[in-house]
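Working notes, structure below.
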Amino acid sequence: ASEGDDDHDPVAVDRLLEPAGDEVSLVSSFSDLEKENSDPDEKECRRRQPQEDGRFYDDPLWYGKTLEEIRCATEGAKAEGNEASRGGDWKLANRYWKDALKGAEKLADAPLELALRLNLALGYTKREKPSKAHEHCDALFGARLLAAASPAQRSKAHYRRSEAF
């Protein structure tokens, strides 16, 4: 090997990576990585939590927003969807309501999620997409949302489900 091949010599590269006079422990680095990657559900759960600054970075809809900002954005999207539905633009209304639904799920706001799913069921029925309307009605009858639903909302969900078909 010629003198110009030093950059391919593994010993030379290792010496560049090691701090002078300190030991390098590869075992601890790999052990930490194994712990971090051992439970993907736990990692996903941590990713969905607010960072040290109290802001969320797990979705483009609320990237860098606090819970209060997410709440305001969610209410705003719901209002925009309601306005679009009054104008008969069901496609636009559904787009706003879907964004608001993501926010309601993030906030774990069951009453708001219930209202949005009822709105989406109506919007998909108006757009002649019964399978999507049925999906939202089915979600309404899940244990978490059903517990938060009033008798009137349950009746409305049954009506929207029957209307979709």
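Quick note on naming: the chains in the structure tokens go A, B, ... in the order shown, residues restart at 1 in each chain, and ligands are numbered from 1 in order of appearance.
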Spatial neighbours of A:Cys72, 10 Å, only C-alpha atoms, chain gap at least 6 places, as a VMD selection string: chain A and resid 66 78 100 103
Same residues, all heavy atoms, saved as a compact mmCIF listing (two decimals), in the first residue's frame:
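So the final result, stored in result19.txt, reads:
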# COMPACT_ATOMS: atom_id res chain seq x y z
N THR A 66 -48.50 24.19 21.26
CA THR A 66 -48.85 23.72 22.61
C THR A 66 -50.25 23.12 22.57
O THR A 66 -50.97 23.26 21.57
CB THR A 66 -48.83 24.88 23.61
OG1 THR A 66 -49.84 25.82 23.24
CG2 THR A 66 -47.47 25.56 23.67
N LYS A 78 -63.02 23.09 12.92
CA LYS A 78 -64.41 22.65 13.02
C LYS A 78 -65.35 23.76 12.53
O LYS A 78 -66.29 23.51 11.76
CB LYS A 78 -64.76 22.27 14.46
CG LYS A 78 -66.19 21.80 14.61
CD LYS A 78 -66.54 21.50 16.06
CE LYS A 78 -68.01 21.11 16.14
NZ LYS A 78 -68.67 21.66 17.29
N ALA A 100 -59.77 18.68 12.09
CA ALA A 100 -60.26 18.91 13.46
C ALA A 100 -60.34 17.59 14.23
O ALA A 100 -60.04 17.55 15.43
CB ALA A 100 -61.62 19.60 13.41
N GLY A 103 -57.08 16.68 15.68
CA GLY A 103 -56.83 17.49 16.87
C GLY A 103 -57.62 16.99 18.06
O GLY A 103 -57.10 16.91 19.18
A:Glu80 environment, 9 Å, only C-alpha atoms, sequence neighbours closer than 3 positions dropped, as a list in words: Glu75, Gly76, Ala77, Glu83, Ala84, Ser85, Leu92, Ala93, Tyr96 and Trp97 of chain A
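Close contacts of A:Lys65, defined as residues with an atom at most 8 Å away when counting only C-alpha atoms, with chain neighbours fewer than 6 positions off set aside, comprise Arg55, Phe56 and Tyr57 of chain A.
Residues surrounding stretch 160-163 of chain A within 8 Å are Leu118, Ala121, Leu122, Thr125, Ala133, His134 and Cys137 of chain A [only C-alpha atoms; sequence separation below 5 positions excluded].
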Could you save those same residues with C-alpha atoms as a CSV table (one decimal), in the first residue's frame?
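Result file follows (again_37.csv):
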chain,number,residue,atom,x,y,z
A,118,LEU,CA,-71.3,12.8,13.2
A,121,ALA,CA,-70.7,10.9,8.5
A,122,LEU,CA,-73.1,13.5,7.2
A,125,THR,CA,-73.3,10.7,3.0
A,133,ALA,CA,-69.8,7.4,6.5
A,134,HIS,CA,-70.3,4.0,8.0
A,137,CYS,CA,-70.6,5.8,12.6
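Picture a line from atom CA of A:His136 to atom CA of A:Asp58; it runs 23.6 Å.
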Contacts of A:Gln153 at 10 Å (only C-alpha atoms; same-chain gap of 3+ positions) as a PyMOL selection string: chain A and resi 111+114-115+118+140+146+148-150+156-159
Atoms kept (N, CA and C atoms) for selection, written as a compact mmCIF listing (two decimals), in the first residue's frame:
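Output (part-v7.txt):
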# COMPACT_ATOMS: atom_id res chain seq x y z
N PRO A 111 -66.23 14.43 23.56
CA PRO A 111 -67.42 15.12 23.04
C PRO A 111 -67.17 15.82 21.69
N LEU A 114 -66.87 13.15 19.00
CA LEU A 114 -68.21 12.66 18.69
C LEU A 114 -68.91 13.57 17.68
N ALA A 115 -68.90 14.86 17.96
CA ALA A 115 -69.55 15.83 17.07
C ALA A 115 -68.91 15.81 15.68
N LEU A 118 -69.89 12.67 13.73
CA LEU A 118 -71.26 12.81 13.22
C LEU A 118 -71.27 13.73 11.99
N LEU A 140 -68.17 5.74 16.33
CA LEU A 140 -69.02 6.33 17.37
C LEU A 140 -69.53 5.29 18.35
N LEU A 146 -68.87 5.96 22.88
CA LEU A 146 -70.25 5.64 23.27
C LEU A 146 -70.54 6.08 24.70
N ALA A 148 -69.34 8.65 26.12
CA ALA A 148 -69.45 10.10 26.16
C ALA A 148 -70.69 10.62 25.42
N ALA A 149 -71.36 9.74 24.68
CA ALA A 149 -72.49 10.17 23.85
C ALA A 149 -73.78 10.29 24.65
N SER A 150 -74.50 11.35 24.37
CA SER A 150 -75.83 11.52 24.96
C SER A 150 -76.80 10.62 24.18
N LYS A 156 -78.75 10.06 16.74
CA LYS A 156 -78.25 10.69 15.51
C LYS A 156 -77.27 9.78 14.80
N ALA A 157 -76.41 9.10 15.54
CA ALA A 157 -75.44 8.18 14.94
C ALA A 157 -76.16 7.02 14.24
N HIS A 158 -77.19 6.47 14.90
CA HIS A 158 -77.97 5.40 14.26
C HIS A 158 -78.64 5.91 12.99
N TYR A 159 -79.18 7.12 13.05
CA TYR A 159 -79.83 7.71 11.88
C TYR A 159 -78.82 7.91 10.75
